[in-house]
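**Student:** Please see the structure below; I have some questions.
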Amino acid sequence: MTAQVFAFIPHANSRIDDAAPELAAAARQLAPGAPVTALVAGDGAGVEAVCAEAVRFFPEVWKFAAAELAYPNAELLRPLLSRVLPRGAIVLFSHNTLAMDLGPGLAVKLDAAYLPDIVAFEAPEGQVLRAVRQEFNGQVSTHVACDLSGGAVITLRAGCFAASEPLAAAGRVVDRSADAQGLAARRRFLEVVPAEVGDVDITKEEVLVSVGRGIGDKENLPVAEDLAEALGAVVSCSRPVVDAKWLDKSRQVGTSGKTVKPKVYLALGISGSFQHMGGIKGNPFIVAVNKNPKAPIFQVAQVGVVADVLEFAPVLAEAVRKAR
Ligand SMILES: Cc1cc2nc3c(=O)[nH]c(=O)nc-3n(C[C@H](O)[C@H](O)[C@H](O)COP(=O)(O)OP(=O)(O)OC[C@H]3O[C@@H](n4cnc5c(N)ncnc54)[C@H](O)[C@@H]3O)c2cc1C
């Protein structure tokens, strides 16, 4: 495949997101030997810092610096990207809320295929990419074949692809800011509202025992809390657990909750929706306990245990205490 491959770099607070090196590795697997270009949009010192990090993983980085791009806005990025990207390009995004907003319209503008929320793919055969993606809120995995010949906008679920090592020699930054002139949007960024920290800060913990709807009831939470205590871990959760008021919002992992970077993540009765997994960064060792052997979380877990969490967690807690 000879198409030019681009990776849109997610970043915040002047740092590239952990998903950026994953995009670099996936781009190389998708089109071995093809040129891979990173796209960085932002403003001021922040965009310079992000470009300086991005060149560690990409041979070429296109910088788009403009005051309007200080906050990611799909309404501005869509015309910008459709202006600068060549026909037939393959554009990779991390599957986040910006990509969900931007991707479909961009694919239409580029007359390209749209392939969202990929969790795995095989090396392309000619122009055909076979990929695994999530549907129905992450409840079902589907295997799809996508014709890349007219280009494609592809979003990759964070944490599903091994991160690239830095390049032996750093790449170069190409300033394409002139292309970002004259962008206008009706939607305006107002302010960042920092999330509440709560009694514990799950974003700083190395081991998380995370409970999902599969825990069944608030009364069953001590099962997870006991396992967390045995492991020296903290309890976090999926959104339905917060919605049911079983745990505080500060414990929620996911796109509308906290982004966590533990070394070990135990998912107890969690199906593995992209909104949940999108909050787990840094490629932790994931252990999933779920009574449904077809639960999507088993696609991304290093260890999968098909069991009733209420039976398995106490046994594991006891085994951990004995081992210590
Ligand atoms: C805009 C938006 C934002 C969202 N943000 C977030 C977010 O930040 N975080 C988040 O988590 N979700 C978020 N969601 C919700 C998300 O789509 C899923 O609905 C949610 O993650 C599912 O949570 P769950 O896995 O706990 O529940 P379910 O999907 O219901 O899964 C429960 C799992 O438990 C298993 N199970 C049941 N009983 C047992 C048992 N006894 N033992 C073992 N396994 C059992 C089942 O097999 C199932 O796989 C968001 C949704 C939207 C639309």
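Labels for the structure tokens follow display order: chains A, B, ..., residues from 1 in each chain, ligands from 1.
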Run DSSP on the backbone and give me the residues of segment 66-299 of chain A it puts in helix (DSSP H, G or I), as a VMD selection string.
**Tutor:** chain A and resid 67 to 69 74 to 84 97 to 110 177 to 180 202 to 204 213 to 215 218 to 231 239 to 243 249 to 251 274 to 277 296 to 299
**Student:** Find the residues near segment 124-139 of chain A: any atom within 9 Å, counting only C-alpha atoms, skip ones fewer than 4 places away on the same chain, and give them as a VMD selection string.
**Tutor:** chain A and resid 1 29 to 31 115 to 120 143 to 149 156 to 157 271 to 275 294 to 297
**Student:** Taking 5 positions as the minimum chain separation for residues in the same chain, which residues sit within 7 Å of Ala38 of chain A when counting only C-alpha atoms? Answer as a list in words.
**Tutor:**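 In the requested form, the answer reads Phe6, Ala7, Phe8, Ile9, Phe58, Glu60, Val61 and Trp62 of chain A.
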**Student:** Write a file of the selected residues as a tab-separated table (two decimals), in the first residue's frame, keeping N, CA and C atoms.
**Tutor:**
chain	number	residue	atom	x	y	z
A	6	PHE	N	-1.41	9.72	7.86
A	6	PHE	CA	-1.33	10.84	8.79
A	6	PHE	C	-1.88	10.41	10.14
A	7	ALA	N	-1.33	10.98	11.19
A	7	ALA	CA	-1.83	10.71	12.54
A	7	ALA	C	-2.10	12.05	13.22
A	8	PHE	N	-3.34	12.25	13.65
A	8	PHE	CA	-3.69	13.49	14.35
A	8	PHE	C	-3.31	13.32	15.82
A	9	ILE	N	-2.48	14.23	16.32
A	9	ILE	CA	-1.89	14.04	17.65
A	9	ILE	C	-2.78	14.64	18.74
A	58	PHE	N	7.62	10.59	15.08
A	58	PHE	CA	7.21	10.71	13.67
A	58	PHE	C	8.31	11.40	12.87
A	60	GLU	N	8.00	13.21	10.27
A	60	GLU	CA	7.59	14.56	9.87
A	60	GLU	C	6.37	14.98	10.68
A	61	VAL	N	6.38	16.22	11.13
A	61	VAL	CA	5.26	16.75	11.93
A	61	VAL	C	4.80	18.05	11.29
A	62	TRP	N	3.53	18.10	10.90
A	62	TRP	CA	2.98	19.35	10.37
A	62	TRP	C	2.39	20.13	11.54
**Student:** For Val303 of chain A, list every protein, DNA or RNA residue within 7 Å, evaluated using only C-alpha atoms, and leave out those in the same chain fewer than 6 positions away; present the list as a list in words.
**Tutor:**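 Once the adjacent positions are removed, what remains is Ile286, Val287 and Ala288 of chain A.
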**Student:** Would you mind exporting N, CA and C atoms of the selected residues as a JSON list (two decimals), in the first residue's frame?
**Tutor:**
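Resulting contents of result27.json:
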[["chain", "number", "residue", "atom", "x", "y", "z"],
["A", 286, "ILE", "N", -4.09, -5.54, 32.21],
["A", 286, "ILE", "CA", -5.52, -5.59, 32.51],
["A", 286, "ILE", "C", -5.95, -7.02, 32.83],
["A", 287, "VAL", "N", -6.57, -7.18, 33.98],
["A", 287, "VAL", "CA", -7.16, -8.47, 34.36],
["A", 287, "VAL", "C", -8.68, -8.26, 34.39],
["A", 288, "ALA", "N", -9.40, -9.01, 33.56],
["A", 288, "ALA", "CA", -10.85, -8.83, 33.49],
["A", 288, "ALA", "C", -11.56, -10.05, 34.05]]
**Student:** Looking only at the backbone, which of the residues in segment 141-285 of chain A does DSSP tag as strand (DSSP E), as a PyMOL selection string?
**Tutor:** chain A and resi 141-147+152-156+172-175+207-211+234-237+264-268+285
**Student:** What residues of the protein or nucleic acid chains come within 6 Å of ligand 1 when you use only C-alpha atoms and all ligand atoms? Reply as a list in words.
**Tutor:**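 These are the residues that qualify: Asn137, Gly212, Arg213, Gly214, Ile215, Ser238, Arg239, Pro240, Val253, Gly254, Thr255, Ser256, Gly257, Gly269, Ile270, Ser271, Gly272, Ser273, Gln275, His276, Val289, Asn290, Lys291, Asn292, Ala295, Ala307, Asp308, Val309 and Leu310 of chain A.
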**Student:** Distance atom CA of Asp175 of chain A-atom CA of Ala65 of chain A, one decimal place?
**Tutor:**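 Taking atom CA of Asp175 of chain A as the start and atom CA of Ala65 of chain A as the end point, the length is 8.1 Å.
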